[in-house]
Amino acid sequence: MIGLRAMMIPLAALAIGLALHALFGPVAAAGWLALALLAIAGLQAFRLARLHQWAALPRQRDLPQAYGAWGRMLDRIGRFARQEQQSRDELNEELGQLHAAVDQLPDGLTLIDRFDQIEWCNNAAAELHGIFATGRPVHHFVRQPEFVDYLDSGNFARPPVIALASRPGRLYELRLHAVGDGGKLLITRDVTEHAKLDSMRKDFVANVSHEIRTPVTVIGGFAETLLELELDEAARREYLAMILKQSQTMQRLVDDLLTLSSLENASAPAQEDDVDLHAMAQGLAEEARILSQGRHTIELRINNFPALRANTAQIESAIRNLLTNAVRYTPQGGRITIDWRIRDGFGELRVSDTGIGIAAEHLPRLAERFYRVDRGRSRETGGTGLGLAIVKHIMSQHGGQLRIESIPAQGSMFTLRFPGRRVLEAPPGSEHLRP
Ligand code: ADP
C-alpha cells in the first residue's frame, strides 16, 4: 500500500512530462522530468537526514514529522519507540526495586568481573569494605592476605573468616561463588556469634576432659597400687577413701553438667510453686552449718521472708550453691549472712561473707562455666567450677539476675535479684509488689 502511494508523485511527474512532450516537444519534457527528479530526490534526502539525526539520539529528540508515506512510516517508528521506552521504564523500575531489596540485606554482596574488578556492590558491602567506586580491583578494598590467596586460588570451597577494620571485634566469612563467564559474587557475612559458639564448644569439651582426667588418673593409680601391693588395713582404707573422694568429685561434676544441660534446654522453669523462702533459707542455713562444722557464724538476718513464685528445686539449688561457696571461700571465724530486701521493685536475696573476696577483674567472668579464680583452692574444696554458671542460668530462667560484689580480703556478696511479679507476699512497706 505504502509502496503504491509512494509511487504517486513520480507517476504524476511522469504524466506531466508526457503531456509537456505532446504539447512542447521533447526538450521541455526532458527539462521538466529532470527538475521533478531533482526535487523528489532532494526531498527524500532531507527526510532521510532528519530521520538519521533523530536515530542518533532517539530519547532526547522528537521524531521528525512528515506527510504521506513518510508520515505513516514515521508513525510506526514512533509507536515502536514508545513501546520500547515503556518496557525499558518497567525494567528499570523492577531493577530499582531489586537494588533496594538487596541494599536491605545485612550481608555484603559484591559482583566481581573476570578481571577481578568490582562491577557492583550493595550498601552493606560498601560499608564493610569501604568500597567507594566500582571498576577497581577488589583487592584494593579487601586487602586481607587470606582473602587475596582465596581469590587467587580459584577454589572457593573454604572461605576465610577474617576481622574487618570497619567493624572491630566482629568476624566475617568472605565466600566467593562463580557466576557467569569468569565472574564472581562475593558474599560477606557476619559469623561472630557462630565463631563464638564454636570456640565455646571447643573450650567446653577441653574443660570437661581436663576435669575428668584428674580424678580418673587418681582412681586408676590407687586401684593399681591396691592390686599390686600388699598393704596393711590402715593403708588400704586410706587408698580406698582417696578413690571414694575422687569418684564423688566426678559424680558432682556429672550432676552439675546434667543440671546445666537441662537448664540450657529450657527458657523457663518447667514448674512453678509458691516457695516459702523463709523455711527454705532456714533449712539451707542449717545445712551450711553442718558443712562449716562450727568454723563460721551463719545467720539469717530477716524473719519475714516472702513467698516467691518460682521453681522450688532450682531456687534451693541456687541458694545452696552460694552458701556452699561462702563456707568454702571464707576462712575460719568468718561470718556468713543471708538476708532479703526489696529494692527498686525487685526482691533481693543476698548471701554475704567475710571471706577471701574476689579481685574486680575476675567478677565479669565468674559465672562462666569452669571459670575459677584459684583453681587449686576450688579443687581442694571439691568445686566443679560450674556452681555459679548454674546459679546464673536459674536466675535467667526466672527473669532475674545474679549480681556479685566483692572486695579482696574483705568478703563478697552474691545477690539473687527477682522481678517484683514473682514476690507474692511483700514485707511491710512494699505493698506495690503484691500481685
Ligand atoms: P567452684 O566450684 O570453683 O567454686 P563456682 O562456679 O561456684 O565454682 O565459682 C567460681 C569461682 O568463683 C570459684 O572458683 C571461686 O574462685 C570464686 N568464688 C565463688 N564464690 C566465692 C566466694 N564466696 N568468695 C570468694 N570467691 C568465690
# chains A, B, ... in the order shown; residues from 1 in each chain; ligands from 1
$ residues_near_ligand --ligand "ligand 1" --cutoff "6 Å" --atoms "only C-alpha atoms and all ligand atoms" --output "compact mmCIF listing (two decimals) with N, CA, C and O atoms, in the first residue's frame"
# COMPACT_ATOMS: atom_id res chain seq x y z
N ASN A 325 29.63 -22.07 98.59
CA ASN A 325 30.80 -21.26 98.21
C ASN A 325 31.25 -20.37 99.37
O ASN A 325 32.44 -20.25 99.64
N ALA A 326 30.27 -19.75 100.05
CA ALA A 326 30.61 -18.85 101.16
C ALA A 326 31.41 -19.61 102.22
O ALA A 326 32.42 -19.13 102.73
N TYR A 329 34.95 -20.50 100.73
CA TYR A 329 35.90 -19.39 100.48
C TYR A 329 35.98 -18.39 101.63
O TYR A 329 36.40 -17.26 101.43
N GLY A 355 34.79 -13.48 103.62
CA GLY A 355 35.84 -14.40 103.15
C GLY A 355 36.97 -13.74 102.37
O GLY A 355 37.23 -12.54 102.51
N ILE A 356 37.58 -14.56 101.52
CA ILE A 356 38.80 -14.11 100.83
C ILE A 356 38.53 -13.04 99.77
O ILE A 356 39.44 -12.34 99.34
N GLY A 357 37.26 -12.93 99.34
CA GLY A 357 36.92 -11.91 98.33
C GLY A 357 37.46 -12.25 96.95
O GLY A 357 38.16 -13.25 96.75
N ILE A 358 37.11 -11.40 95.98
CA ILE A 358 37.47 -11.66 94.58
C ILE A 358 37.94 -10.35 93.95
O ILE A 358 37.26 -9.32 94.09
N LEU A 366 33.09 -14.56 86.35
CA LEU A 366 32.96 -15.54 87.43
C LEU A 366 31.88 -16.60 87.18
O LEU A 366 32.04 -17.75 87.57
N ALA A 367 30.81 -16.19 86.49
CA ALA A 367 29.70 -17.14 86.28
C ALA A 367 29.86 -17.92 84.98
O ALA A 367 28.95 -18.64 84.57
N TYR A 371 35.11 -21.27 85.10
CA TYR A 371 36.00 -20.15 85.43
C TYR A 371 36.24 -20.16 86.94
O TYR A 371 35.32 -20.18 87.73
N ARG A 372 37.49 -20.15 87.32
CA ARG A 372 37.85 -20.13 88.73
C ARG A 372 38.94 -19.12 88.95
O ARG A 372 39.82 -18.94 88.10
N VAL A 373 38.92 -18.47 90.12
CA VAL A 373 39.99 -17.52 90.44
C VAL A 373 41.22 -18.32 90.85
O VAL A 373 42.33 -18.07 90.37
N ASP A 374 41.00 -19.30 91.72
CA ASP A 374 42.13 -20.10 92.20
C ASP A 374 41.76 -21.58 92.00
O ASP A 374 41.00 -22.16 92.77
N SER A 378 39.75 -24.22 94.55
CA SER A 378 38.43 -24.73 94.14
C SER A 378 38.42 -26.26 94.18
O SER A 378 37.52 -26.88 94.72
N GLY A 383 35.24 -28.25 94.42
CA GLY A 383 34.47 -27.45 93.46
C GLY A 383 34.50 -28.04 92.06
O GLY A 383 35.47 -28.68 91.66
N THR A 384 33.44 -27.79 91.31
CA THR A 384 33.41 -28.26 89.92
C THR A 384 33.63 -27.10 88.95
O THR A 384 33.83 -27.32 87.76
N GLY A 385 33.56 -25.88 89.46
CA GLY A 385 33.70 -24.72 88.58
C GLY A 385 32.41 -24.41 87.82
O GLY A 385 32.39 -23.57 86.92
N LEU A 386 31.33 -25.11 88.20
CA LEU A 386 30.06 -24.91 87.47
C LEU A 386 28.98 -24.26 88.34
O LEU A 386 27.91 -23.89 87.82
N GLY A 387 29.26 -24.14 89.65
CA GLY A 387 28.23 -23.67 90.58
C GLY A 387 27.60 -22.34 90.18
O GLY A 387 26.37 -22.23 90.06
N LEU A 388 28.41 -21.33 89.94
CA LEU A 388 27.85 -20.00 89.64
C LEU A 388 27.20 -19.97 88.25
O LEU A 388 26.24 -19.22 88.03
N ALA A 389 27.73 -20.81 87.32
CA ALA A 389 27.09 -20.88 85.99
C ALA A 389 25.66 -21.40 86.16
O ALA A 389 24.72 -20.90 85.52
N SER A 412 32.58 -11.07 100.14
CA SER A 412 31.79 -10.99 98.90
C SER A 412 30.30 -10.97 99.22
O SER A 412 29.89 -11.44 100.29
$ select_by_dssp --residues "range 255-375 of chain A" --states "strand (DSSP E)" --output "number ranges by chain"
A: 273-276, 297-300, 307-310, 335-343, 346-353
$ residues_around --residues "range 8-12 of chain A" --least-positions-apart "5" --cutoff "9 Å" --atoms "only C-alpha atoms" --output "NGL selection string"
:A and (17 or 36-37 or 40)
$ write_last_selection --atoms "N, CA and C atoms" --output "CSV table (one decimal), in the first residue's frame"
chain,number,residue,atom,x,y,z
A,17,GLY,N,5.2,15.1,-17.6
A,17,GLY,CA,6.3,15.1,-18.6
A,17,GLY,C,5.7,14.6,-20.0
A,36,ALA,N,11.8,17.6,-11.9
A,36,ALA,CA,11.0,16.9,-10.9
A,36,ALA,C,11.8,15.8,-10.2
A,37,LEU,N,12.7,15.1,-10.9
A,37,LEU,CA,13.5,14.1,-10.3
A,37,LEU,C,14.4,14.7,-9.2
A,40,ILE,N,12.3,15.5,-6.2
A,40,ILE,CA,11.9,14.3,-5.4
A,40,ILE,C,13.1,13.8,-4.6
$ residues_around --residues "range 205-218 of chain A" --least-positions-apart "2" --cutoff "12 Å" --atoms "only C-alpha atoms" --output "ChimeraX atom specification"
/A:198-203,220-225,239-254,256-257,368-372,375,378-379,382-386
$ residues_around --residues "His296 in chain A" --least-positions-apart "3" --cutoff "9 Å" --atoms "only C-alpha atoms" --output "PyMOL selection string"
chain A and resi 289+292-293+327+330-336
$ closest_atom_pairs --of "range 165-227 of chain A" --to "range 136-160 of chain A" --cutoff "6 Å" --atoms "only C-alpha atoms" --output "Markdown table"
| residue | atom | partner | partner_atom | distance |
| --- | --- | --- | --- | --- |
| A:Glu173 | CA | A:Pro160 | CA | 5.8 |
| A:Leu174 | CA | A:Pro159 | CA | 5.7 |
| A:Arg175 | CA | A:Pro159 | CA | 4.9 |
| A:Leu176 | CA | A:Phe156 | CA | 5.8 |
$ closest_residue --among "A:Arg328, A:Glu287, A:Gln314, A:Gly96" --to "Leu260 in chain A" --atoms "only C-alpha atoms"
A:Gln314
$ select_by_dssp --residues "range 196-434 of chain A" --states "alpha helix (DSSP H)" --output "PyMOL selection string"
chain A and resi 196-228+233-264+277-292+312-328+375-380+387-397
$ closest_residue --among "A:Gly183, A:Gly347, A:Pro364, A:Pro306" --to "Ile404 in chain A" --atoms "only C-alpha atoms"
A:Pro364
$ closest_residue --among "A:Leu363, A:Ile342, A:Ala133, A:Leu105" --to "Phe418 in chain A" --atoms "only C-alpha atoms"
A:Ile342
$ residues_around --residues "Glu316 in chain A" --least-positions-apart "4" --cutoff "12 Å" --atoms "only C-alpha atoms" --output "PyMOL selection string"
chain A and resi 275-285+287+308+310-312+320-324+349+390-391+394-395+416
$ write_last_selection --atoms "N, CA and C atoms" --output "short mmCIF file (atom, residue, chain, number, x, y, z; two decimals), in the first residue's frame"
data_model
loop_
_atom_site.label_atom_id
_atom_site.label_comp_id
_atom_site.auth_asym_id
_atom_site.auth_seq_id
_atom_site.Cartn_x
_atom_site.Cartn_y
_atom_site.Cartn_z
N VAL A 275 7.06 -20.69 96.69
CA VAL A 275 8.17 -21.14 97.53
C VAL A 275 8.18 -20.37 98.84
N ASP A 276 8.18 -21.12 99.97
CA ASP A 276 8.29 -20.47 101.29
C ASP A 276 9.78 -20.21 101.53
N LEU A 277 10.18 -19.01 101.20
CA LEU A 277 11.60 -18.67 101.22
C LEU A 277 12.20 -18.77 102.62
N HIS A 278 11.36 -18.42 103.61
CA HIS A 278 11.86 -18.43 104.99
C HIS A 278 12.26 -19.84 105.41
N ALA A 279 11.32 -20.78 105.21
CA ALA A 279 11.58 -22.17 105.61
C ALA A 279 12.77 -22.72 104.82
N MET A 280 12.81 -22.37 103.54
CA MET A 280 13.90 -22.87 102.70
C MET A 280 15.25 -22.34 103.20
N ALA A 281 15.30 -21.03 103.45
CA ALA A 281 16.57 -20.43 103.89
C ALA A 281 17.01 -21.00 105.24
N GLN A 282 16.04 -21.26 106.10
CA GLN A 282 16.39 -21.84 107.41
C GLN A 282 17.03 -23.22 107.24
N GLY A 283 16.40 -24.03 106.41
CA GLY A 283 16.91 -25.38 106.17
C GLY A 283 18.30 -25.33 105.55
N LEU A 284 18.50 -24.41 104.59
CA LEU A 284 19.80 -24.34 103.90
C LEU A 284 20.88 -23.79 104.83
N ALA A 285 20.49 -22.87 105.72
CA ALA A 285 21.46 -22.33 106.68
C ALA A 285 21.92 -23.46 107.60
N GLU A 287 22.04 -26.66 106.83
CA GLU A 287 22.97 -27.48 106.01
C GLU A 287 24.35 -26.86 105.99
N LEU A 308 7.72 -16.85 97.19
CA LEU A 308 8.27 -16.50 95.87
C LEU A 308 7.65 -17.43 94.84
N ALA A 310 8.23 -19.45 92.07
CA ALA A 310 9.45 -19.93 91.43
C ALA A 310 9.50 -21.45 91.48
N ASN A 311 10.56 -22.00 90.88
CA ASN A 311 10.75 -23.45 90.92
C ASN A 311 11.53 -23.81 92.18
N THR A 312 10.88 -24.56 93.09
CA THR A 312 11.47 -24.84 94.40
C THR A 312 12.88 -25.44 94.29
N ARG A 320 21.80 -22.90 97.79
CA ARG A 320 22.77 -23.86 98.34
C ARG A 320 24.15 -23.63 97.72
N ASN A 321 24.19 -23.38 96.42
CA ASN A 321 25.47 -23.13 95.76
C ASN A 321 26.18 -21.93 96.37
N LEU A 322 25.40 -20.84 96.61
CA LEU A 322 26.01 -19.62 97.16
C LEU A 322 26.50 -19.86 98.59
N LEU A 323 25.69 -20.59 99.38
CA LEU A 323 26.10 -20.83 100.78
C LEU A 323 27.32 -21.75 100.84
N THR A 324 27.32 -22.77 99.98
CA THR A 324 28.46 -23.69 99.96
C THR A 324 29.74 -22.93 99.60
N LEU A 349 17.54 -11.60 97.37
CA LEU A 349 18.06 -12.48 98.41
C LEU A 349 19.59 -12.41 98.34
N ILE A 390 25.50 -22.39 87.05
CA ILE A 390 24.16 -22.94 87.30
C ILE A 390 23.26 -21.86 87.92
N VAL A 391 23.80 -21.12 88.91
CA VAL A 391 23.01 -20.07 89.58
C VAL A 391 22.57 -19.02 88.55
N ILE A 394 19.76 -20.36 86.43
CA ILE A 394 18.50 -20.45 87.19
C ILE A 394 17.87 -19.04 87.27
N MET A 395 18.69 -18.05 87.55
CA MET A 395 18.16 -16.69 87.67
C MET A 395 17.61 -16.21 86.32
N LEU A 416 20.69 -12.64 94.57
CA LEU A 416 19.72 -13.21 93.63
C LEU A 416 18.60 -12.18 93.51
#
$ residues_around --residues "range 52-54 of chain A" --least-positions-apart "5" --cutoff "12 Å" --atoms "only C-alpha atoms" --output "JSON, numbers by chain"
{"A": [45, 46, 47, 59, 60, 61, 62, 63, 64, 65, 74, 77, 78, 81]}
$ write_last_selection --atoms "C-alpha atoms" --output "mmCIF file, in the first residue's frame"
data_model
loop_
_atom_site.group_PDB
_atom_site.id
_atom_site.type_symbol
_atom_site.label_atom_id
_atom_site.label_comp_id
_atom_site.auth_asym_id
_atom_site.auth_seq_id
_atom_site.Cartn_x
_atom_site.Cartn_y
_atom_site.Cartn_z
ATOM 1 C CA ALA A 45 17.445 13.130 1.133
ATOM 2 C CA PHE A 46 16.163 15.849 3.512
ATOM 3 C CA ARG A 47 13.774 13.419 5.260
ATOM 4 C CA ARG A 59 15.441 9.567 23.584
ATOM 5 C CA GLN A 60 16.433 13.226 23.507
ATOM 6 C CA ARG A 61 14.858 14.351 20.245
ATOM 7 C CA ASP A 62 11.322 14.319 18.877
ATOM 8 C CA LEU A 63 10.630 12.121 15.925
ATOM 9 C CA PRO A 64 10.523 14.305 12.704
ATOM 10 C CA GLN A 65 7.110 14.878 11.156
ATOM 11 C CA LEU A 74 7.427 7.679 10.970
ATOM 12 C CA ILE A 77 8.645 4.037 14.135
ATOM 13 C CA GLY A 78 7.258 6.381 16.824
ATOM 14 C CA ALA A 81 9.990 3.667 20.057
#
